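work16.tsv, holding TSV, C-alpha atoms:
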```
chain	number	residue	atom	x	y	z
A	22	MET	CA	19.84	-35.78	26.99
A	23	LYS	CA	18.68	-35.10	23.47
A	24	PRO	CA	15.05	-35.52	22.31
A	25	GLN	CA	16.10	-38.45	20.06
A	26	GLU	CA	17.10	-40.32	23.24
A	27	ARG	CA	13.46	-40.51	24.27
A	28	SER	CA	13.61	-44.33	24.17
A	29	ASP	CA	16.29	-44.19	26.89
A	30	LEU	CA	14.00	-41.94	28.94
A	31	GLU	CA	11.09	-44.30	28.40
A	32	THR	CA	13.27	-47.16	29.64
A	33	LEU	CA	14.13	-45.15	32.76
A	34	ILE	CA	10.49	-44.29	33.35
A	35	GLU	CA	9.46	-47.93	33.06
A	36	THR	CA	12.15	-49.01	35.53
A	37	ALA	CA	10.93	-48.87	39.09
A	38	PRO	CA	13.08	-46.11	40.65
A	39	GLY	CA	13.37	-48.14	43.85
A	40	LYS	CA	15.20	-50.88	41.94
A	41	LEU	CA	17.92	-48.52	40.71
A	42	ASP	CA	21.19	-48.16	42.59
A	43	PRO	CA	20.91	-44.56	43.90
A	44	ALA	CA	24.53	-43.85	42.93
A	45	SER	CA	24.10	-45.15	39.37
A	46	PRO	CA	23.99	-42.83	36.36
A	47	ALA	CA	20.56	-44.25	35.51
A	48	ALA	CA	19.19	-43.27	38.94
A	49	ARG	CA	20.64	-39.76	38.64
A	50	ALA	CA	19.18	-39.40	35.13
A	51	TYR	CA	15.77	-40.58	36.35
A	52	TYR	CA	15.90	-38.11	39.23
A	53	ARG	CA	16.84	-35.22	36.89
A	54	PHE	CA	14.04	-36.16	34.54
A	55	SER	CA	11.55	-36.38	37.44
A	56	VAL	CA	12.58	-32.87	38.52
A	57	ALA	CA	12.25	-31.64	34.92
A	58	VAL	CA	8.73	-33.08	34.58
A	59	HIS	CA	7.79	-31.62	37.97
A	60	GLU	CA	9.01	-28.10	37.11
A	61	ALA	CA	7.56	-28.31	33.59
A	62	GLY	CA	4.20	-29.15	35.16
A	63	HIS	CA	4.33	-25.96	37.21
A	64	ALA	CA	5.52	-23.85	34.27
A	65	VAL	CA	2.93	-25.08	31.78
A	66	ILE	CA	-0.12	-25.23	34.05
A	67	GLY	CA	0.70	-21.83	35.58
A	68	ARG	CA	0.62	-20.34	32.08
A	69	VAL	CA	-2.54	-22.24	31.14
A	70	LEU	CA	-4.23	-20.71	34.20
A	71	GLY	CA	-3.14	-17.21	33.15
A	72	LEU	CA	-0.65	-16.69	35.97
A	73	PRO	CA	2.34	-14.45	35.20
A	74	CYS	CA	5.13	-17.01	35.08
A	75	GLY	CA	8.86	-16.61	34.57
A	76	ARG	CA	11.76	-18.97	34.05
A	77	ALA	CA	12.23	-22.58	35.13
A	78	THR	CA	15.34	-24.49	36.11
A	79	ILE	CA	16.44	-27.92	37.26
A	80	ILE	CA	19.69	-26.58	38.70
A	81	ARG	CA	19.85	-27.76	42.28
A	82	ASN	CA	20.25	-25.11	44.98
A	83	VAL	CA	21.22	-26.81	48.23
A	84	ARG	CA	21.31	-23.52	50.16
A	85	LYS	CA	17.68	-22.78	49.27
A	86	GLY	CA	16.71	-26.44	49.56
A	87	HIS	CA	15.27	-27.05	46.12
A	88	ALA	CA	16.04	-29.36	43.22
A	89	GLY	CA	14.63	-26.83	40.75
A	90	PHE	CA	11.91	-24.25	40.45
A	91	ALA	CA	9.43	-22.63	38.12
A	92	ARG	CA	9.04	-18.90	38.78
A	93	VAL	CA	5.60	-17.34	39.23
A	94	ASP	CA	4.77	-13.84	40.42
A	95	ASP	CA	3.12	-12.99	43.72
A	96	PRO	CA	-0.68	-13.50	43.90
A	97	TYR	CA	-1.23	-9.81	44.70
A	98	TYR	CA	0.66	-8.83	41.54
A	99	THR	CA	-1.44	-11.34	39.58
A	100	SER	CA	-4.67	-9.87	40.92
A	101	GLN	CA	-3.56	-6.37	39.92
A	102	ASP	CA	-2.32	-7.59	36.51
A	103	TRP	CA	-5.63	-9.32	35.81
A	104	GLU	CA	-7.61	-6.21	36.75
A	105	GLU	CA	-5.48	-4.05	34.43
A	106	ARG	CA	-6.29	-6.48	31.59
A	107	GLY	CA	-10.02	-6.41	32.38
A	108	ARG	CA	-9.97	-9.92	33.78
A	109	TRP	CA	-12.05	-9.33	36.90
A	110	ARG	CA	-11.75	-12.14	39.44
A	111	ASP	CA	-11.96	-12.16	43.21
A	112	PHE	CA	-8.76	-12.78	45.12
A	113	ASP	CA	-9.83	-16.31	46.13
A	114	THR	CA	-9.91	-17.22	42.43
A	115	VAL	CA	-6.32	-15.99	42.11
A	116	LEU	CA	-5.36	-18.11	45.13
A	117	LEU	CA	-7.09	-21.17	43.64
A	118	GLY	CA	-5.00	-20.70	40.48
A	119	TYR	CA	-1.85	-20.65	42.60
A	120	VAL	CA	-2.95	-23.75	44.49
A	121	MET	CA	-3.50	-25.58	41.20
A	122	MET	CA	-0.16	-24.39	39.81
A	123	ALA	CA	1.56	-25.63	42.99
A	124	MET	CA	-0.22	-28.99	42.63
A	125	ALA	CA	0.77	-29.32	38.97
A	126	GLY	CA	4.32	-30.53	39.65
A	127	ARG	CA	3.20	-33.53	41.67
A	128	GLU	CA	0.32	-34.23	39.31
A	129	ALA	CA	2.65	-34.15	36.29
A	130	GLU	CA	4.96	-36.68	37.95
A	131	CYS	CA	2.01	-38.90	38.91
A	132	GLU	CA	0.40	-38.80	35.49
A	133	LEU	CA	3.35	-38.67	33.10
A	134	LEU	CA	5.84	-40.79	35.05
A	135	GLU	CA	3.19	-42.98	36.72
A	136	ARG	CA	4.66	-42.29	40.15
A	137	ALA	CA	2.77	-42.69	43.40
A	138	ALA	CA	2.16	-39.39	45.17
A	139	ALA	CA	3.95	-40.70	48.28
A	140	GLU	CA	7.21	-41.06	46.27
A	141	ILE	CA	7.32	-37.39	45.30
A	142	GLY	CA	9.25	-34.88	47.36
A	143	ASP	CA	7.33	-31.64	47.10
A	144	ALA	CA	7.29	-30.31	50.66
A	145	SER	CA	7.84	-26.71	49.52
A	146	ASP	CA	4.85	-26.97	47.16
A	147	LEU	CA	2.71	-28.31	49.99
A	148	ARG	CA	3.77	-25.39	52.21
A	149	GLU	CA	2.80	-22.95	49.44
A	150	ILE	CA	-0.58	-24.64	49.06
A	151	GLU	CA	-1.14	-24.41	52.82
A	152	LYS	CA	-0.23	-20.71	52.75
A	153	MET	CA	-2.65	-19.99	49.87
A	154	VAL	CA	-5.47	-21.90	51.57
A	155	SER	CA	-4.91	-19.98	54.81
A	156	ASN	CA	-5.09	-16.64	52.94
A	157	ALA	CA	-8.39	-17.47	51.23
A	158	SER	CA	-11.53	-15.86	52.59
A	159	ARG	CA	-13.55	-19.02	51.86
A	160	PRO	CA	-12.58	-22.70	51.92
A	161	ILE	CA	-10.71	-24.13	48.94
A	162	ASP	CA	-11.75	-27.69	48.10
A	163	LEU	CA	-8.31	-29.27	47.70
A	164	ALA	CA	-9.63	-32.61	46.40
A	165	ARG	CA	-11.57	-30.84	43.67
A	166	ALA	CA	-8.60	-28.60	42.87
A	167	ARG	CA	-6.30	-31.64	42.60
A	168	LYS	CA	-8.74	-33.39	40.26
A	169	ALA	CA	-9.02	-30.28	38.06
A	170	THR	CA	-5.23	-29.95	38.05
A	171	ARG	CA	-4.83	-33.59	36.98
A	172	HIS	CA	-7.22	-32.97	34.07
A	173	LEU	CA	-5.19	-29.93	32.99
A	174	VAL	CA	-1.97	-31.98	33.17
A	175	ILE	CA	-3.52	-34.69	30.98
A	176	ARG	CA	-4.84	-32.13	28.50
A	177	HIS	CA	-1.48	-30.32	28.24
A	178	GLN	CA	0.87	-33.28	28.64
A	179	ALA	CA	2.55	-32.78	25.24
A	180	LYS	CA	3.59	-29.27	26.31
A	181	ILE	CA	4.82	-30.56	29.66
A	182	TRP	CA	6.89	-33.29	27.96
A	183	THR	CA	8.41	-30.76	25.56
A	184	VAL	CA	9.34	-28.30	28.32
A	185	ALA	CA	10.74	-31.17	30.44
A	186	VAL	CA	12.97	-32.44	27.62
A	187	ARG	CA	14.21	-28.89	26.94
A	188	LEU	CA	14.96	-28.50	30.66
A	189	ILE	CA	17.05	-31.68	30.55
A	190	GLU	CA	18.93	-30.33	27.54
A	191	ARG	CA	19.52	-26.79	28.84
A	192	ARG	CA	18.97	-27.09	32.63
A	193	SER	CA	17.27	-23.63	32.65
A	194	LEU	CA	14.72	-22.01	30.37
A	195	SER	CA	13.86	-18.33	30.19
A	196	LYS	CA	10.29	-17.06	30.32
A	197	ARG	CA	10.44	-16.37	26.57
A	198	ALA	CA	11.77	-19.85	25.77
A	199	ILE	CA	8.94	-21.53	27.72
A	200	ASP	CA	6.34	-19.22	26.18
A	201	ARG	CA	7.64	-20.10	22.68
A	202	ILE	CA	7.53	-23.83	23.41
A	203	ILE	CA	3.94	-23.58	24.62
A	204	LEU	CA	2.85	-21.48	21.65
A	205	SER	CA	4.50	-23.85	19.15
A	206	ALA	CA	2.95	-26.91	20.83
A	207	ALA	CA	-0.55	-25.39	20.72
```
Let me see the file written as structure tokens.
Amino acid sequence: MKPQERSDLETLIETAPGKLDPASPAARAYYRFSVAVHEAGHAVIGRVLGLPCGRATIIRNVRKGHAGFARVDDPYYTSQDWEERGRWRDFDTVLLGYVMMAMAGREAECELLERAAAEIGDASDLREIEKMVSNASRPIDLARARKATRHLVIRHQAKIWTVAVRLIERRSLSKRAIDRIILSAA
């Protein structure tokens, strides 16, 4: 899909996905766009939070069980990277950033596509959140983190839209391509 076809995307977004024939081209296009918004949410919010992020794709990998992904480095690497840059934070703060980045896909779909959270398939994100919470030395308030994540999604929605549309066009974006999009949208 090209950016000038945005009206077609808006039509898809306004159509209740449940009313689409799952085998129809419109349903497949809506699904691809939902995945693109989801992965763009991760990619943009991860960068906003200062996490070292990589590429993003909406190329389905059945073997690995994902419809797409947005790459982010390991929390331990992030902690070390932040220290080297003089950004001193405790490890729980790093984990909170990862929790929010993992929440950003669902929140982007909820906010930008007006989808109910129950409609969104993000089991792998939820497992990652659970893992981060279990590694924290103090409790992470997930309701507060989700609210803060939603605010970041709203604040950076233009960037998320732009990355999502580019993902639809190219299916994969390099780290540099996403970084350029975010810088130009600032």
Using all atoms listed in the file, what table do you get, as CSV, when you list each residue of stretch 54-170 of chain A with an atom no more than 8 Å from stretch 194-202 of chain A, its nearest pair of atoms, and their distance in Å rounded to one decimal, rows by chain then rising number?
```
residue,atom,partner,partner_atom,distance
A:Ala64,CA,A:Ile199,CA,7.7
A:Cys74,CA,A:Lys196,CA,7.0
A:Gly75,CA,A:Lys196,CA,4.5
A:Arg76,CA,A:Ser195,CA,4.4
A:Ala77,CA,A:Leu194,CA,5.4
A:Thr78,CA,A:Leu194,CA,6.3
```
For atom CA of A:Leu70 and atom CA of A:Leu116, the interatomic separation in Å (one decimal)
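Here the two named atoms are 11.3 Å from each other.
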With distances taken over only C-alpha atoms, which of A:Tyr98, A:Phe90, A:Trp182, A:Phe112 is nearest to A:Val56?
A:Phe90
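Closest to A:Ala169 among A:Glu151, A:Met124, A:Val186, A:Ala47 is A:Met124, based on only C-alpha atoms.
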Mind dumping a table of every stretch 68-118 of chain A residue within 10 Å of stretch 160-166 of chain A, with the nearest atom pair and its distance in Å to one decimal, using only C-alpha atoms, sorted by chain and rising number, as JSON lines?
```
{"residue": "A:Asp113", "atom": "CA", "partner": "A:Ile161", "partner_atom": "CA", "distance": 8.4}
{"residue": "A:Thr114", "atom": "CA", "partner": "A:Ile161", "partner_atom": "CA", "distance": 9.5}
{"residue": "A:Leu116", "atom": "CA", "partner": "A:Ile161", "partner_atom": "CA", "distance": 8.9}
{"residue": "A:Leu117", "atom": "CA", "partner": "A:Ile161", "partner_atom": "CA", "distance": 7.1}
{"residue": "A:Gly118", "atom": "CA", "partner": "A:Ala166", "partner_atom": "CA", "distance": 9.0}
```
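You can rank A:Gly89, A:Pro73, A:Pro96, A:Pro46 by their closest distance to A:Tyr119 using all atoms listed in the file, and at the top of that list sits A:Pro96.
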Among the residues A:Ser193, A:Thr183, A:Asn156, A:Asn82, the one that comes closest to A:Val120 [using all atoms listed in the file]
A:Asn156
If we count all atoms listed in the file, what is near A:Arg171 at a cut-off of 8 Å, once residues fewer than 6 positions away on the same chain are taken out, given as a PDB file with C-alpha atoms, in the frame of the given file?
```pdb
ATOM      1  CA  ALA A 125       0.770 -29.320  38.970  1.00  0.00           C
ATOM      2  CA  GLU A 128       0.320 -34.230  39.310  1.00  0.00           C
ATOM      3  CA  ALA A 129       2.650 -34.150  36.290  1.00  0.00           C
ATOM      4  CA  GLU A 132       0.400 -38.800  35.490  1.00  0.00           C
TER       5      GLU A 132
END
```
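When the distance limit is 8 Å and all atoms listed in the file are what count, the residues near A:Ser100, minus those fewer than 2 positions from it on the same chain, are A:Pro96, A:Tyr97, A:Tyr98, A:Asp102, A:Trp103, A:Glu104, A:Arg110, A:Asp111, A:Phe112, A:Val115.
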Compute the distance from (6.0, -36.6, 46.6) to each atom, counting only C-alpha atoms, keep the residues with any atom at most 12 Å away, and return them as a list in words; use the coordinates of the file.
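The answer, in the requested form, is Ser55, Val56, His59, Met124, Ala125, Gly126, Arg127, Glu128, Ala129, Glu130, Cys131, Arg136, Ala137, Ala138, Ala139, Glu140, Ile141, Gly142, Asp143, Ala144, Ser145, Asp146 and Leu147 of chain A.
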